[in-house]
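Below is start_11.cif, holding mmCIF, C-alpha atoms.
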data_work
loop_
_atom_site.label_atom_id
_atom_site.label_comp_id
_atom_site.auth_asym_id
_atom_site.auth_seq_id
_atom_site.Cartn_x
_atom_site.Cartn_y
_atom_site.Cartn_z
CA MET A 1 182.66 204.45 69.09
CA ARG A 2 179.28 205.21 70.54
CA LYS A 3 178.73 207.86 73.21
CA GLU A 4 178.78 206.94 76.89
CA ASN A 5 175.30 206.72 78.42
CA GLU A 6 173.83 206.17 74.97
CA HIS A 7 170.82 203.86 74.91
CA ILE A 8 171.21 201.03 72.46
CA SER A 9 169.30 197.83 71.84
CA LEU A 10 170.89 194.71 73.29
CA ASP A 11 170.68 193.04 69.87
CA LYS A 12 172.52 195.93 68.23
CA PHE A 13 175.15 196.01 70.96
CA TYR A 14 176.02 192.34 70.48
CA THR A 15 175.86 192.60 66.69
CA GLU A 16 178.32 195.49 66.61
CA LYS A 17 180.71 193.84 69.04
CA LEU A 18 180.61 190.50 67.21
CA ASN A 19 181.13 192.11 63.80
CA ASP A 20 183.69 194.76 64.68
CA GLY A 21 185.61 193.53 67.73
CA LYS A 22 189.22 192.45 67.41
CA LEU A 23 189.44 188.70 66.88
CA GLU A 24 192.51 186.83 68.12
CA MET A 25 192.75 184.15 65.46
CA ASP A 26 195.55 183.55 62.99
CA ALA A 27 194.41 183.44 59.36
CA HIS A 28 197.76 182.13 58.15
CA ALA A 29 197.66 179.20 60.57
CA ALA A 30 194.09 178.49 59.49
CA TRP A 31 195.22 178.45 55.85
CA ASP A 32 197.94 175.94 56.68
CA GLN A 33 195.32 173.76 58.35
CA PHE A 34 193.00 174.17 55.36
CA GLN A 35 195.75 173.00 53.06
CA GLN A 36 195.97 169.74 54.99
CA ILE A 37 192.34 168.86 54.32
CA LYS A 38 192.16 170.33 50.83
CA VAL A 39 191.76 167.81 48.04
CA PRO A 40 193.05 169.50 44.87
CA SER A 41 190.73 167.59 42.58
CA ARG A 42 187.75 169.14 44.33
CA PHE A 43 188.52 172.58 42.94
CA MET B 44 200.88 193.18 41.96
CA GLN B 45 197.86 191.36 43.30
CA THR B 46 199.66 190.14 46.42
CA ALA B 47 200.66 193.60 47.59
CA LEU B 48 197.25 195.02 46.87
CA ILE B 49 195.24 192.46 48.75
CA TYR B 50 197.45 192.60 51.82
CA GLN B 51 197.16 196.37 51.92
CA ASN B 52 193.41 196.06 51.74
CA LYS B 53 192.73 192.95 53.77
CA ASN B 54 190.75 194.82 56.41
CA ASN B 55 188.41 196.77 54.18
CA LEU B 56 188.27 194.06 51.52
CA ALA B 57 187.89 196.65 48.80
CA LEU B 58 189.52 194.45 46.22
CA VAL B 59 187.40 191.47 47.04
CA SER B 60 184.20 193.32 46.46
CA SER B 61 183.81 193.65 42.73
CA LYS B 62 185.37 193.00 39.36
CA SER B 63 188.79 192.51 40.88
CA PRO B 64 191.69 190.42 39.66
CA ILE B 65 191.08 188.40 42.81
CA LEU B 66 187.73 187.22 41.53
CA ALA B 67 189.21 186.38 38.15
CA GLY B 68 191.91 184.36 39.92
CA LEU B 69 189.32 182.53 42.03
CA LYS B 70 187.34 181.64 38.94
CA THR B 71 190.40 180.08 37.34
CA ALA B 72 191.28 178.31 40.64
CA ASP B 73 194.65 180.06 40.93
CA PRO B 74 196.19 178.54 44.11
CA GLU B 75 198.00 181.72 45.13
CA ILE B 76 194.85 183.82 44.72
CA GLN B 77 192.91 181.24 46.72
CA ARG B 78 195.47 181.58 49.51
CA GLN B 79 195.28 185.38 49.45
CA TYR B 80 191.49 185.33 49.40
CA PHE B 81 191.29 182.86 52.30
CA ILE B 82 193.62 184.97 54.44
CA ALA B 83 191.93 188.24 53.50
CA GLU B 84 188.42 186.97 54.23
CA PHE B 85 189.17 184.71 57.21
CA ASP B 86 188.54 187.35 59.87
CA ARG B 87 185.17 188.36 58.43
CA LEU B 88 183.86 184.88 57.67
CA ILE B 89 185.03 182.93 60.77
CA ARG B 90 182.82 185.22 62.88
CA ILE B 91 179.74 183.55 61.41
CA PRO B 92 180.31 180.01 62.75
CA LEU B 93 181.98 181.40 65.88
CA ARG B 94 178.69 182.87 67.09
CA TYR B 95 176.79 179.62 66.44
CA VAL B 96 179.16 177.00 67.90
CA LYS B 97 181.19 177.03 71.11
CA SER B 98 184.35 175.36 69.88
CA ARG B 99 186.88 177.21 67.75
CA ASN B 100 187.97 173.95 66.15
CA GLU B 101 184.36 173.27 65.19
CA ALA B 102 184.06 176.79 63.76
CA ILE B 103 187.20 176.28 61.71
CA THR B 104 185.90 172.93 60.42
CA ILE B 105 182.71 174.67 59.28
CA LEU B 106 184.69 177.47 57.66
CA ASN B 107 186.93 174.98 55.86
CA ASP B 108 183.87 173.21 54.46
CA SER B 109 182.55 176.61 53.40
CA PHE B 110 185.76 177.58 51.61
CA ILE B 111 185.73 174.29 49.70
CA LYS B 112 182.22 175.18 48.49
CA ILE B 113 183.27 178.74 47.68
CA PHE B 114 186.25 177.61 45.63
CA LYS B 115 184.19 174.94 43.86
CA LYS B 116 181.23 177.17 43.04
CA VAL B 117 182.75 180.60 42.46
CA ALA B 118 183.17 180.00 38.73
CA SER B 119 179.40 179.91 38.42
CA LEU B 120 178.90 183.22 40.25
CA LYS B 121 177.11 185.40 37.72
CA ASP B 122 177.13 188.76 39.46
CA ASP B 123 180.71 189.66 40.33
CA ASP B 124 179.55 192.43 42.67
CA LYS B 125 177.89 189.85 44.91
CA LEU B 126 181.03 187.94 45.88
CA LYS B 127 181.13 189.33 49.41
CA GLU B 128 177.45 188.64 50.15
CA TRP B 129 177.52 185.32 48.28
CA SER B 130 180.49 183.99 50.25
CA ALA B 131 178.91 185.04 53.56
CA ALA B 132 175.70 183.29 52.56
CA ILE B 133 177.62 180.08 51.86
CA VAL B 134 179.29 180.23 55.27
CA ARG B 135 175.98 181.01 56.97
CA ASN B 136 174.15 178.15 55.23
CA THR B 137 176.98 175.71 55.93
CA THR B 138 176.93 176.77 59.59
CA LEU B 139 173.16 176.41 59.89
CA ASP B 140 173.20 173.00 58.22
CA HIS B 141 175.84 171.96 60.75
CA VAL B 142 174.03 173.20 63.84
CA ARG B 143 170.66 171.91 62.65
CA LYS B 144 172.12 168.40 62.58
CA GLU B 145 173.64 168.81 66.03
CA VAL B 146 170.77 170.39 67.94
CA LYS B 147 167.42 168.72 68.30
CA TYR B 148 164.53 170.97 69.22
CA HIS B 149 161.49 170.09 71.23
CA ASP B 150 158.78 172.38 70.05
CA ARG B 151 157.20 174.07 73.01
CA HIS B 152 154.19 175.29 71.06
CA GLN B 153 154.02 178.40 73.17
CA ASP B 154 151.93 181.16 71.75
CA LEU B 155 154.12 184.10 72.65
CA GLU B 156 153.69 187.63 71.49
CA ASP B 157 156.77 189.46 70.28
CA TYR B 158 158.79 190.60 73.22
CA LYS B 159 159.81 194.21 73.26
CA GLU B 160 163.38 194.84 72.33
CA VAL B 161 165.75 195.10 75.28
CA TYR B 162 167.73 198.33 75.62
CA ILE B 163 170.91 198.93 77.57
CA THR B 164 172.77 202.08 78.57
CA LEU B 165 176.38 202.14 77.53
CA ASN B 166 179.01 202.94 80.12
CA SER B 167 182.76 203.07 79.65
CA VAL B 168 183.19 199.39 80.54
CA LEU B 169 180.60 198.18 78.05
CA GLN B 170 182.08 200.50 75.41
CA THR B 171 185.45 198.85 75.66
CA LEU B 172 184.31 195.27 76.20
CA GLU B 173 186.47 193.00 74.05
CA LEU B 174 185.17 190.51 71.53
CA GLU B 175 186.55 187.56 73.48
CA GLU B 176 184.40 188.54 76.47
CA ILE B 177 181.36 188.99 74.23
CA LEU B 178 181.89 185.53 72.76
CA LYS B 179 181.90 184.09 76.29
CA HIS B 180 178.40 185.52 76.81
CA ILE B 181 177.18 184.08 73.51
CA HIS B 182 178.74 180.68 74.17
CA ALA B 183 177.27 180.55 77.68
CA LEU B 184 173.75 180.50 76.18
CA SER B 185 172.16 177.13 75.55
CA ASP B 186 172.67 175.87 72.01
CA LYS B 187 169.06 176.59 71.11
CA GLN B 188 169.07 180.11 72.56
CA ARG B 189 172.35 180.91 70.82
CA ILE B 190 171.18 179.68 67.43
CA VAL B 191 167.87 181.55 67.53
CA PHE B 192 169.50 184.73 68.86
CA SER B 193 172.20 184.63 66.19
CA MET B 194 169.72 183.94 63.40
CA TYR B 195 167.28 186.64 64.49
CA ALA B 196 169.35 189.42 66.03
CA ILE B 197 172.54 189.19 64.03
CA ASP B 198 171.77 187.49 60.73
CA GLY B 199 168.37 189.12 60.32
CA TYR B 200 166.14 186.08 59.88
CA LYS B 201 162.43 186.47 60.67
CA HIS B 202 160.79 184.23 63.26
CA SER B 203 158.81 182.55 60.50
CA GLU B 204 162.04 181.72 58.66
CA ILE B 205 163.74 180.45 61.82
CA ALA B 206 160.71 178.34 62.65
CA ALA B 207 160.65 176.80 59.17
CA TYR B 208 164.39 176.16 59.18
CA LEU B 209 164.52 174.58 62.63
CA LYS B 210 161.13 172.89 62.29
CA ILE B 211 159.69 174.60 65.37
CA SER B 212 156.76 176.93 65.90
CA VAL B 213 157.06 180.70 65.65
CA GLY B 214 156.14 180.88 69.33
CA THR B 215 159.03 178.59 70.22
CA SER B 216 161.42 180.74 68.21
CA LYS B 217 160.23 183.82 70.09
CA TRP B 218 160.54 181.96 73.39
CA TYR B 219 164.19 181.11 72.76
CA LEU B 220 164.95 184.65 71.60
CA ASN B 221 163.45 186.07 74.76
CA LYS B 222 165.40 183.64 76.95
CA ALA B 223 168.63 184.56 75.16
CA ARG B 224 168.00 188.29 75.59
CA VAL B 225 167.29 187.86 79.31
CA ASN B 226 170.47 185.83 79.80
CA LEU B 227 172.61 188.26 77.81
CA GLN B 228 171.15 191.17 79.76
CA ASP B 229 172.09 189.36 82.97
CA ALA B 230 175.60 188.78 81.62
CA LEU B 231 176.01 192.52 81.10
CA LYS B 232 174.88 193.42 84.63
CA GLN B 233 178.32 192.60 86.06
CA TYR B 234 179.73 195.57 84.10
CA ILE B 235 177.07 198.02 85.22
CA SER B 236 177.56 199.57 88.65
#
When written as structure tokens, how does the structure in this file appear?
Amino acid sequence: MRKENEHISLDKFYTEKLNDGKLEMDAHAAWDQFQQIKVPSRF
Amino acid sequence: MQTALIYQNKNNLALVSSKSPILAGLKTADPEIQRQYFIAEFDRLIRIPLRYVKSRNEAITILNDSFIKIFKKVASLKDDDKLKEWSAAIVRNTTLDHVRKEVKYHDRHQDLEDYKEVYITLNSVLQTLELEEILKHIHALSDKQRIVFSMYAIDGYKHSEIAAYLKISVGTSKWYLNKARVNLQDALKQYIS
């Protein structure tokens, strides 16, 4: 966590938030969806 | 036990980084290892298409295409230590190929100098701003602004590389970056009293 009143570039602010913020997406559900499109012979 | 280990480490991805049994399992196309790897890396890799496209379904489609490439090509990966960077590069390239097809640029041929970087002062609200709110700001940009901003500010491409990739001039790339920065700065003003 950065200090309050710290100066930071706008680019860096968005980069940190996009890389480190908590994402509300379900990896297990995504895997189930992936399985539906997966063609075994491709791998 | 590979399963226990990867679930314990799914946030720091330590086991996916180098010479792990995970990589060996991926190279032999072990279905259970593929499942573990997908789940462990999903959070890190979905963020790449999410900042380029507005729709979550579209981002997932791009990520699925990327994972198919990863699983198909991983056996040829020569440097085991590069798995993390290599997989991110595949997702990034798949994403850029996707958005390049979708978004047509009209080159403005503007001869712009580099704009100075924009700085903000963090307050308690900005400090605690959630990712979902940040994504709203990114998705509110025009497609062209969002793509150039993401390529330059987040993925570290140079203007010359962006210009070559999108078939626009360097000045046009700078123009879109500047527009994106102005709009994002405006989006943050609501949190600054």
Point-to-point distance in Å for CA of His141 in chain B and CA of Val161 in chain B: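 Computing the Euclidean distance for CA of Val161 in chain B and CA of His141 in chain B yields 29.1 Å.
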Target residues per the PyMOL selection byres ((chain A) within 6 of (chain B)), formatted as an MDAnalysis selection string: chainID A and resid 4:11 15 21 27 43
Atomic distance CA of Val96 in chain B - CA of Leu69 in chain B, expressed in Å with one decimal: 28.3 Å
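Restricting the calculation to all atoms listed in the file, the smallest distance between Asp186 in chain B and any of B:Arg143, B:Lys232, B:Lys127, B:Lys121 is found for B:Arg143.
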Point-to-point distance in Å for CA of Lys179 in chain B and CA of His28 in chain A: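 Computing it gives 24.2 Å between the two atoms.
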Nearest candidate to Leu66 in chain B (options B:Ser119, B:Ser185, B:Ser109, B:Ser98; using only C-alpha atoms): B:Ser119
Counting all atoms listed in the file, the residue of B:Val191, B:Val134, B:Ile105, B:Ile235 that sits nearest Leu209 in chain B: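 Ranking B:Val191, B:Val134, B:Ile105, B:Ile235 by distance to Leu209 in chain B, first place goes to B:Val191.
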